[in-house]
Amino acid sequence: MYFRLFSYLGKYKKQAILAPIAVAGEVVLEIYIPFLMAKIIDIGIAQKDLKYVFETGLMMMAAALLSLACGSVAARLAAVAAAGFAKEIRKAVFSRVQDFSFSNTDKFSTASLITRLTTDITFVQNSFMMIIRALVRSPLMMSCATLMAVQINRELSLVFLIAIPFFGITLAFIAVKAHPYFMKMFEKYDAINASLQEMLTAVRVVKAFVREEYENKKFNNAVTDLRDAQKAAEKIVIWNMPMMNLAMQVCLICIVWFGGNLIIQERMQTGELFSFLTYIGMILISLMMFSFVFIGIVISQASARRIHEVLTEIPDIKDTGKDGLTPEDGSIVFENVSFSYSGRADNLTLKNISLSIQSGETVGIIGATGSSKTTFVQLIPRLYDVFSGRILVGGHEIKEYHLPELRSSVAMVLQNNLLFSGTIADNLRWGDDTATQTALEQACRAAQAHDFVMSFPQGYDTDLGQGGVNVSGGQKQRLCLARALLRKPKILILDDSTSAVDTATDKKIRAALKETLKDTTKIIIAQRISSIMEADKIIVLEDGKINGIGTHDELMQTNAIYRDVFISQQKGAA
């Protein structure tokens, strides 16, 4: 897992390598300073040699300044490497999510993906910065200080050597116990993001139904659960500081006691004890620092695992297309197609669908809620893969096309339309980023959107806000339709995409589509029969199966479901 994550260092490897080198220089210089101080006490002061004290003092000052410079360089290099590392991981995770099929996206909730792209990667970034600085500094400082302390007095060194296993056992206990709690904590972060996202997306519904108090309680429960999860993890982690402090203080007391006796016995000099205590302090501080880094790594391990899950998720739909192959026309053939969201033969959503659609035909699809109309059309651009059977577009099986080639030939306008932050023109150019102003206006006229766009003071430069909050549902549908028309697709799929417009506007839209998209295959899912009754053929779906196919007149004679729907709508209109 960590090997895969570290592979995203990329062009920041240089900083990641130089930072520990600078840290090593800082440590060596810091280790040298107590050695010089001992010389000043035992030689310069003891012999009252001011020249020696002055010269050695200058050396100490130079070592301190160089150590400061090395530390500053190490800090900057580590910060650059960690920030770059996080940037590359974010890019990789986001790119991976873009490769997901719908079924992969369904596996991870939106809130969870947001947490992994933000909070989790930030934890990993901070942990990586500690690794290339503190995790290098601590063992190196401890090793060098231990070597110097042992050279000064081997007997006295046994005191802190006995304490080291105690540190190791404490850290191991904390790591084993705390990790599961941190995993639960990040799940609570997902829950908070989910609650916040849902509330902000549906804020108008919340206010319309006066549910602010309910949402407050719901969010309060989420943050309370997060707090409880954090407390459960911190109850274990907080033992780190007092246990380490206890061990440090006991070590220092023992060293002062035994070291003082050695000075009285004239087996140790005062300067040696001073430098020994300094080295022991370095060792114990290094151990303390190592414990903090270790705890940080334990926390980030949960985040790293969640990031790794996204990076290693294999897209269900693999692009195995042939180079240079593009759909020649908009013909569509379903050959005994079945589909299952669960991937099981005993739980099929679509069952044995076989039909043929000629290029340029207008096809209507009607059926009750849950009859799998949307699922049916989502198979055409390979948003999902079929469970069995095959689908042909333009004379070739859809798996023979590269996904971009296939999907650029198919334009979909969904019932739940989505517009992006930016101007109306920016949103329209999702269909064709090179479209001229004239092309934008032509597409909007066909979608019956031009008039209301021009009613805004800034026309096509009107900022829509996040999600298109500045336009109504019907206006949003017409803008999404214009966006699809700009693509000039070979197949246009309208998934109940005029449900929010009035019947007169709906009729104008259908007339414009018939005029401007003569060679484009048009598939229209509709609840109103009036929207599809002029189609070349109409498909009636029931429980994932084709119940009937024909023109309006034919179905009125042969299909009871279609006839009942038509009669009920006519009575409703009357």
# chains A, B, ... in the order shown; residues from 1 in each chain; ligands from 1
$ residues_around --residues "range 270-282 of chain A" --least-positions-apart "6" --cutoff "8 Å" --atoms "only C-alpha atoms" --output "list in words"
Ile31, Pro34, Phe35, Met37, Ala38, Lys39, Ile40, Ile41, Asp42, Met141, Met142, Ala145, Thr146, Met148, Ala149, Ile152, Phe160, Leu252, Ile255, Val256, Gly259 and Ile263 of chain A
$ residues_around --residues "Asp553 in chain A" --least-positions-apart "5" --cutoff "10 Å" --atoms "only C-alpha atoms" --output "list in words"
Met533, Glu534, Thr558 and Arg563 of chain A
$ residues_around --residues "Glu313 in chain A" --least-positions-apart "4" --cutoff "10 Å" --atoms "only C-alpha atoms" --output "CSV table (one decimal) with N, CA and C atoms, in the first residue's frame"
chain,number,residue,atom,x,y,z
A,96,ARG,N,-8.8,8.5,-11.1
A,96,ARG,CA,-9.3,7.2,-10.9
A,96,ARG,C,-10.8,7.2,-10.8
A,97,VAL,N,-11.4,8.2,-10.1
A,97,VAL,CA,-12.8,8.3,-10.0
A,97,VAL,C,-13.4,8.6,-11.3
A,99,ASP,N,-12.4,7.4,-14.1
A,99,ASP,CA,-12.4,6.2,-14.8
A,99,ASP,C,-13.5,5.2,-14.4
A,100,PHE,N,-14.1,5.5,-13.2
A,100,PHE,CA,-15.1,4.5,-12.7
A,100,PHE,C,-16.3,4.5,-13.6
A,104,ASN,N,-19.0,1.3,-10.1
A,104,ASN,CA,-17.9,1.6,-9.2
A,104,ASN,C,-18.2,2.8,-8.4
A,107,LYS,N,-20.4,2.1,-5.5
A,107,LYS,CA,-19.8,1.4,-4.4
A,107,LYS,C,-19.3,2.4,-3.3
A,308,HIS,N,-6.0,4.1,-0.7
A,308,HIS,CA,-5.6,2.9,-1.5
A,308,HIS,C,-6.8,2.2,-2.1
A,309,GLU,N,-7.9,2.1,-1.3
A,309,GLU,CA,-9.1,1.4,-1.8
A,309,GLU,C,-9.6,2.0,-3.1
$ closest_atom_pairs --of "range 297-381 of chain A" --to "range 408-411 of chain A" --cutoff "9 Å" --atoms "only C-alpha atoms" --output "Markdown table"
| residue | atom | partner | partner_atom | distance |
| --- | --- | --- | --- | --- |
| A:Thr326 | CA | A:Ser409 | CA | 8.2 |
| A:Pro327 | CA | A:Ser409 | CA | 7.1 |
| A:Asp329 | CA | A:Ser409 | CA | 9.0 |
| A:Gly330 | CA | A:Ser409 | CA | 8.3 |
| A:Ile380 | CA | A:Val410 | CA | 8.2 |
| A:Pro381 | CA | A:Val410 | CA | 6.4 |
$ write_last_selection --atoms "C-alpha atoms" --output "PDB file, in the first residue's frame"
ATOM      1  CA  THR A 326     -16.150   5.334 -34.757  1.00  0.00           C
ATOM      2  CA  PRO A 327     -19.911   4.782 -35.154  1.00  0.00           C
ATOM      3  CA  ASP A 329     -24.504   6.082 -38.016  1.00  0.00           C
ATOM      4  CA  GLY A 330     -27.039   5.966 -35.206  1.00  0.00           C
ATOM      5  CA  ILE A 380     -26.243   2.248 -25.096  1.00  0.00           C
ATOM      6  CA  PRO A 381     -23.239   4.497 -24.217  1.00  0.00           C
TER       7      PRO A 381
END
$ residues_around --residues "range 119-123 of chain A" --least-positions-apart "2" --cutoff "9 Å" --atoms "only C-alpha atoms" --output "ChimeraX atom specification"
/A:86-87,89-90,114-117,125-128,186,189,296-297,299-304,306-307
$ write_last_selection --atoms "N, CA and C atoms" --output "PDB file, in the first residue's frame"
ATOM      1  N   ALA A  86       0.950  15.294  -1.889  1.00  0.00           N
ATOM      2  CA  ALA A  86      -0.503  15.331  -1.721  1.00  0.00           C
ATOM      3  C   ALA A  86      -1.187  15.732  -3.024  1.00  0.00           C
ATOM      4  N   LYS A  87      -0.596  16.682  -3.738  1.00  0.00           N
ATOM      5  CA  LYS A  87      -1.179  17.121  -5.007  1.00  0.00           C
ATOM      6  C   LYS A  87      -1.256  15.970  -6.009  1.00  0.00           C
ATOM      7  N   ILE A  89      -1.273  12.737  -5.369  1.00  0.00           N
ATOM      8  CA  ILE A  89      -2.240  11.722  -4.931  1.00  0.00           C
ATOM      9  C   ILE A  89      -3.659  12.185  -5.242  1.00  0.00           C
ATOM     10  N   ARG A  90      -3.939  13.465  -4.974  1.00  0.00           N
ATOM     11  CA  ARG A  90      -5.276  13.985  -5.279  1.00  0.00           C
ATOM     12  C   ARG A  90      -5.582  13.855  -6.764  1.00  0.00           C
ATOM     13  N   ILE A 114     -15.395  12.483  -1.136  1.00  0.00           N
ATOM     14  CA  ILE A 114     -14.971  13.833  -0.779  1.00  0.00           C
ATOM     15  C   ILE A 114     -14.025  13.788   0.418  1.00  0.00           C
ATOM     16  N   THR A 115     -14.361  12.988   1.434  1.00  0.00           N
ATOM     17  CA  THR A 115     -13.496  12.866   2.611  1.00  0.00           C
ATOM     18  C   THR A 115     -12.130  12.307   2.239  1.00  0.00           C
ATOM     19  N   ARG A 116     -12.116  11.326   1.358  1.00  0.00           N
ATOM     20  CA  ARG A 116     -10.849  10.714   0.958  1.00  0.00           C
ATOM     21  C   ARG A 116      -9.987  11.694   0.170  1.00  0.00           C
ATOM     22  N   LEU A 117     -10.633  12.551  -0.636  1.00  0.00           N
ATOM     23  CA  LEU A 117      -9.882  13.521  -1.444  1.00  0.00           C
ATOM     24  C   LEU A 117      -9.422  14.727  -0.625  1.00  0.00           C
ATOM     25  N   GLN A 125      -0.524  13.594   3.936  1.00  0.00           N
ATOM     26  CA  GLN A 125       0.465  14.643   3.649  1.00  0.00           C
ATOM     27  C   GLN A 125       1.243  15.018   4.910  1.00  0.00           C
ATOM     28  N   ASN A 126       0.522  15.265   6.002  1.00  0.00           N
ATOM     29  CA  ASN A 126       1.193  15.630   7.260  1.00  0.00           C
ATOM     30  C   ASN A 126       2.072  14.498   7.762  1.00  0.00           C
ATOM     31  N   SER A 127       1.589  13.285   7.625  1.00  0.00           N
ATOM     32  CA  SER A 127       2.363  12.132   8.073  1.00  0.00           C
ATOM     33  C   SER A 127       3.636  11.978   7.241  1.00  0.00           C
ATOM     34  N   PHE A 128       3.527  12.186   5.930  1.00  0.00           N
ATOM     35  CA  PHE A 128       4.705  12.073   5.061  1.00  0.00           C
ATOM     36  C   PHE A 128       5.751  13.128   5.413  1.00  0.00           C
ATOM     37  N   PHE A 186     -12.982   7.963  10.820  1.00  0.00           N
ATOM     38  CA  PHE A 186     -13.093   8.431   9.439  1.00  0.00           C
ATOM     39  C   PHE A 186     -14.444   8.059   8.830  1.00  0.00           C
ATOM     40  N   TYR A 189     -16.554  10.859   9.773  1.00  0.00           N
ATOM     41  CA  TYR A 189     -16.313  12.000   8.883  1.00  0.00           C
ATOM     42  C   TYR A 189     -17.153  11.860   7.611  1.00  0.00           C
ATOM     43  N   GLY A 296       1.087   9.664  14.678  1.00  0.00           N
ATOM     44  CA  GLY A 296       0.627  10.274  13.428  1.00  0.00           C
ATOM     45  C   GLY A 296       0.529   9.259  12.306  1.00  0.00           C
ATOM     46  N   ILE A 297       1.499   8.341  12.253  1.00  0.00           N
ATOM     47  CA  ILE A 297       1.480   7.308  11.219  1.00  0.00           C
ATOM     48  C   ILE A 297       0.316   6.343  11.440  1.00  0.00           C
ATOM     49  N   ILE A 299      -2.553   7.132  12.767  1.00  0.00           N
ATOM     50  CA  ILE A 299      -3.756   7.828  12.307  1.00  0.00           C
ATOM     51  C   ILE A 299      -3.810   7.828  10.779  1.00  0.00           C
ATOM     52  N   SER A 300      -2.678   8.161  10.158  1.00  0.00           N
ATOM     53  CA  SER A 300      -2.665   8.272   8.693  1.00  0.00           C
ATOM     54  C   SER A 300      -2.778   6.911   8.018  1.00  0.00           C
ATOM     55  N   GLN A 301      -2.465   5.838   8.748  1.00  0.00           N
ATOM     56  CA  GLN A 301      -2.577   4.506   8.156  1.00  0.00           C
ATOM     57  C   GLN A 301      -4.028   4.219   7.762  1.00  0.00           C
ATOM     58  N   ALA A 302      -4.965   4.651   8.613  1.00  0.00           N
ATOM     59  CA  ALA A 302      -6.374   4.478   8.280  1.00  0.00           C
ATOM     60  C   ALA A 302      -6.721   5.282   7.029  1.00  0.00           C
ATOM     61  N   SER A 303      -6.191   6.515   6.943  1.00  0.00           N
ATOM     62  CA  SER A 303      -6.445   7.344   5.760  1.00  0.00           C
ATOM     63  C   SER A 303      -5.801   6.738   4.525  1.00  0.00           C
ATOM     64  N   ALA A 304      -4.568   6.259   4.669  1.00  0.00           N
ATOM     65  CA  ALA A 304      -3.865   5.664   3.530  1.00  0.00           C
ATOM     66  C   ALA A 304      -4.610   4.451   2.995  1.00  0.00           C
ATOM     67  N   ARG A 306      -7.837   3.951   3.107  1.00  0.00           N
ATOM     68  CA  ARG A 306      -9.038   4.406   2.397  1.00  0.00           C
ATOM     69  C   ARG A 306      -8.680   4.983   1.024  1.00  0.00           C
ATOM     70  N   ILE A 307      -7.562   5.695   0.942  1.00  0.00           N
ATOM     71  CA  ILE A 307      -7.104   6.216  -0.356  1.00  0.00           C
ATOM     72  C   ILE A 307      -6.714   5.067  -1.278  1.00  0.00           C
TER      73      ILE A 307
END
$ closest_residue --among "A:Val413, A:Ala233, A:Cys70, A:Leu36" --to "Leu58 in chain A" --atoms "only C-alpha atoms"
A:Leu36
$ closest_residue --among "A:Val136, A:Ile398, A:Val337, A:Val386" --to "Ile21 in chain A" --atoms "only C-alpha atoms"
A:Val136
$ closest_residue --among "A:Ala134, A:Asn347, A:Tyr401, A:Ile162" --to "Phe292 in chain A" --atoms "only C-alpha atoms"
A:Ala134
$ residues_around --residues "Glu30 in chain A" --least-positions-apart "6" --cutoff "8 Å" --atoms "only C-alpha atoms" --output "compact mmCIF listing (two decimals) with C-alpha atoms, in the first residue's frame"
# COMPACT_ATOMS: atom_id res chain seq x y z
CA ALA A 63 27.84 24.83 14.66
CA ALA A 64 24.56 26.28 16.01
CA SER A 67 22.48 23.57 12.34
$ closest_residue --among "A:Tyr214, A:Met130, A:Gly544, A:Glu515" --to "Ser291 in chain A" --atoms "only C-alpha atoms"
A:Met130
$ residues_around --residues "Trp239 in chain A" --least-positions-apart "5" --cutoff "9 Å" --atoms "only C-alpha atoms" --output "number ranges by chain"
A: 170, 174, 234, 244
$ write_last_selection --atoms "N, CA and C atoms" --output "CSV table (one decimal), in the first residue's frame"
chain,number,residue,atom,x,y,z
A,170,THR,N,5.2,0.4,24.9
A,170,THR,CA,4.1,1.4,25.0
A,170,THR,C,3.6,1.8,23.6
A,174,ILE,N,-0.2,1.1,21.9
A,174,ILE,CA,-1.0,2.2,21.5
A,174,ILE,C,-1.4,2.0,20.0
A,234,GLU,N,-8.7,8.9,21.2
A,234,GLU,CA,-7.8,9.7,22.0
A,234,GLU,C,-7.6,9.2,23.4
A,244,MET,N,5.6,8.5,28.5
A,244,MET,CA,6.9,8.9,28.0
A,244,MET,C,7.6,9.9,29.0
$ atom_distance --atom1 "CA of Asp463 in chain A" --atom2 "CA of Gly422 in chain A"
5.3 Å
$ select_by_dssp --residues "range 338-512 of chain A" --states "strand (DSSP E)" --output "number ranges by chain"
A: 338-339, 350-357, 362-367, 388-393, 396-397, 410-413, 491-495
$ residues_around --residues "Leu406 in chain A" --least-positions-apart "5" --cutoff "12 Å" --atoms "only C-alpha atoms" --output "JSON list (two decimals) with N, CA and C atoms, in the first residue's frame"
[["chain", "number", "residue", "atom", "x", "y", "z"],
["A", 319, "ASP", "N", -11.92, -0.36, -21.29],
["A", 319, "ASP", "CA", -11.87, 0.17, -22.64],
["A", 319, "ASP", "C", -11.01, -0.75, -23.50],
["A", 320, "THR", "N", -11.67, -1.62, -24.27],
["A", 320, "THR", "CA", -10.95, -2.59, -25.11],
["A", 320, "THR", "C", -11.22, -2.34, -26.59],
["A", 321, "GLY", "N", -11.53, -1.09, -26.92],
["A", 321, "GLY", "CA", -11.92, -0.77, -28.29],
["A", 321, "GLY", "C", -10.77, -0.79, -29.28],
["A", 322, "LYS", "N", -11.15, -0.75, -30.54],
["A", 322, "LYS", "CA", -10.18, -0.74, -31.64],
["A", 322, "LYS", "C", -9.87, 0.69, -32.04],
["A", 323, "ASP", "N", -8.62, 0.97, -32.30],
["A", 323, "ASP", "CA", -8.20, 2.31, -32.70],
["A", 323, "ASP", "C", -8.82, 2.69, -34.04],
["A", 324, "GLY", "N", -9.28, 3.94, -34.12],
["A", 324, "GLY", "CA", -9.79, 4.47, -35.37],
["A", 324, "GLY", "C", -11.21, 4.10, -35.70],
["A", 325, "LEU", "N", -11.87, 3.31, -34.84],
["A", 325, "LEU", "CA", -13.24, 2.89, -35.12],
["A", 325, "LEU", "C", -14.23, 3.85, -34.47],
["A", 326, "THR", "N", -15.11, 4.44, -35.26],
["A", 326, "THR", "CA", -16.15, 5.33, -34.76],
["A", 326, "THR", "C", -17.49, 4.91, -35.33],
["A", 327, "PRO", "N", -18.59, 5.15, -34.62],
["A", 327, "PRO", "CA", -19.91, 4.78, -35.15],
["A", 327, "PRO", "C", -20.21, 5.52, -36.45],
["A", 328, "GLU", "N", -20.57, 4.77, -37.47],
["A", 328, "GLU", "CA", -20.86, 5.38, -38.78],
["A", 328, "GLU", "C", -22.23, 6.03, -38.82],
["A", 329, "ASP", "N", -23.15, 5.51, -38.05],
["A", 329, "ASP", "CA", -24.50, 6.08, -38.02],
["A", 329, "ASP", "C", -25.11, 5.81, -36.65],
["A", 330, "GLY", "N", -26.39, 6.12, -36.50],
["A", 330, "GLY", "CA", -27.04, 5.97, -35.21],
["A", 330, "GLY", "C", -27.91, 4.73, -35.08],
["A", 379, "LEU", "N", -27.44, 1.64, -21.12],
["A", 379, "LEU", "CA", -26.59, 0.58, -21.68],
["A", 379, "LEU", "C", -26.02, 0.98, -23.03],
["A", 380, "ILE", "N", -26.67, 1.90, -23.73],
["A", 380, "ILE", "CA", -26.24, 2.25, -25.10],
["A", 380, "ILE", "C", -24.87, 2.91, -25.10],
["A", 381, "PRO", "N", -24.59, 3.92, -24.25],
["A", 381, "PRO", "CA", -23.24, 4.50, -24.22],
["A", 381, "PRO", "C", -22.29, 3.75, -23.27],
["A", 382, "ARG", "N", -22.65, 2.55, -22.84],
["A", 382, "ARG", "CA", -21.84, 1.72, -21.94],
["A", 382, "ARG", "C", -21.58, 2.40, -20.60],
["A", 383, "LEU", "N", -22.60, 3.04, -20.05],
["A", 383, "LEU", "CA", -22.47, 3.51, -18.67],
["A", 383, "LEU", "C", -22.51, 2.31, -17.73],
["A", 392, "LEU", "N", -25.30, -3.43, -30.45],
["A", 392, "LEU", "CA", -24.56, -2.91, -31.60],
["A", 392, "LEU", "C", -24.99, -1.47, -31.87],
["A", 393, "VAL", "N", -24.02, -0.62, -32.12],
["A", 393, "VAL", "CA", -24.27, 0.77, -32.51],
["A", 393, "VAL", "C", -23.48, 1.04, -33.78],
["A", 394, "GLY", "N", -24.14, 1.53, -34.81],
["A", 394, "GLY", "CA", -23.46, 1.80, -36.07],
["A", 394, "GLY", "C", -22.87, 0.56, -36.71],
["A", 396, "HIS", "N", -21.47, -2.06, -35.23],
["A", 396, "HIS", "CA", -20.42, -2.74, -34.46],
["A", 396, "HIS", "C", -20.86, -2.86, -33.00],
["A", 397, "GLU", "N", -20.40, -3.94, -32.34],
["A", 397, "GLU", "CA", -20.70, -4.10, -30.93],
["A", 397, "GLU", "C", -20.05, -2.95, -30.17],
["A", 398, "ILE", "N", -20.76, -2.43, -29.17],
["A", 398, "ILE", "CA", -20.27, -1.23, -28.48],
["A", 398, "ILE", "C", -18.93, -1.46, -27.79],
["A", 399, "LYS", "N", -18.59, -2.70, -27.45],
["A", 399, "LYS", "CA", -17.30, -2.98, -26.82],
["A", 399, "LYS", "C", -16.14, -2.85, -27.80],
["A", 400, "GLU", "N", -16.44, -2.77, -29.10],
["A", 400, "GLU", "CA", -15.37, -2.60, -30.09],
["A", 400, "GLU", "C", -14.92, -1.14, -30.20],
["A", 401, "TYR", "N", -15.72, -0.22, -29.65],
["A", 401, "TYR", "CA", -15.36, 1.19, -29.70],
["A", 401, "TYR", "C", -14.59, 1.58, -28.44],
["A", 411, "ALA", "N", -25.50, 11.56, -27.04],
["A", 411, "ALA", "CA", -25.78, 12.65, -26.11],
["A", 411, "ALA", "C", -27.00, 12.28, -25.28],
["A", 489, "PRO", "N", -24.84, 14.82, -32.02],
["A", 489, "PRO", "CA", -24.65, 13.38, -31.81],
["A", 489, "PRO", "C", -25.31, 12.55, -32.90],
["A", 490, "LYS", "N", -24.87, 11.32, -33.01],
["A", 490, "LYS", "CA", -25.55, 10.38, -33.90],
["A", 490, "LYS", "C", -26.77, 9.77, -33.19],
["A", 491, "ILE", "N", -26.72, 9.75, -31.84],
["A", 491, "ILE", "CA", -27.85, 9.23, -31.05],
["A", 491, "ILE", "C", -28.14, 10.26, -29.96]]
$ closest_atom_pairs --of "range 503-530 of chain A" --to "range 353-362 of chain A" --cutoff "9 Å" --atoms "only C-alpha atoms" --output "CSV"
residue,atom,partner,partner_atom,distance
A:Lys514,CA,A:Thr362,CA,8.5
A:Leu517,CA,A:Gly360,CA,8.0
A:Lys518,CA,A:Gly360,CA,6.1
A:Asp519,CA,A:Gly360,CA,4.4
A:Thr520,CA,A:Gly360,CA,4.6
A:Thr521,CA,A:Gly360,CA,4.1
A:Lys522,CA,A:Thr362,CA,4.6
A:Ile523,CA,A:Thr362,CA,6.0
A:Ile524,CA,A:Thr362,CA,7.6
$ select_by_dssp --residues "range 348-461 of chain A" --states "helix (DSSP H, G or I)" --output "JSON, numbers by chain"
{"A": [373, 374, 375, 376, 377, 378, 398, 399, 400, 403, 404, 405, 406, 407, 424, 425, 426, 427, 428, 437, 438, 439, 440, 441, 442, 443, 444, 445, 446, 450, 451, 452, 453, 454, 459, 460, 461]}
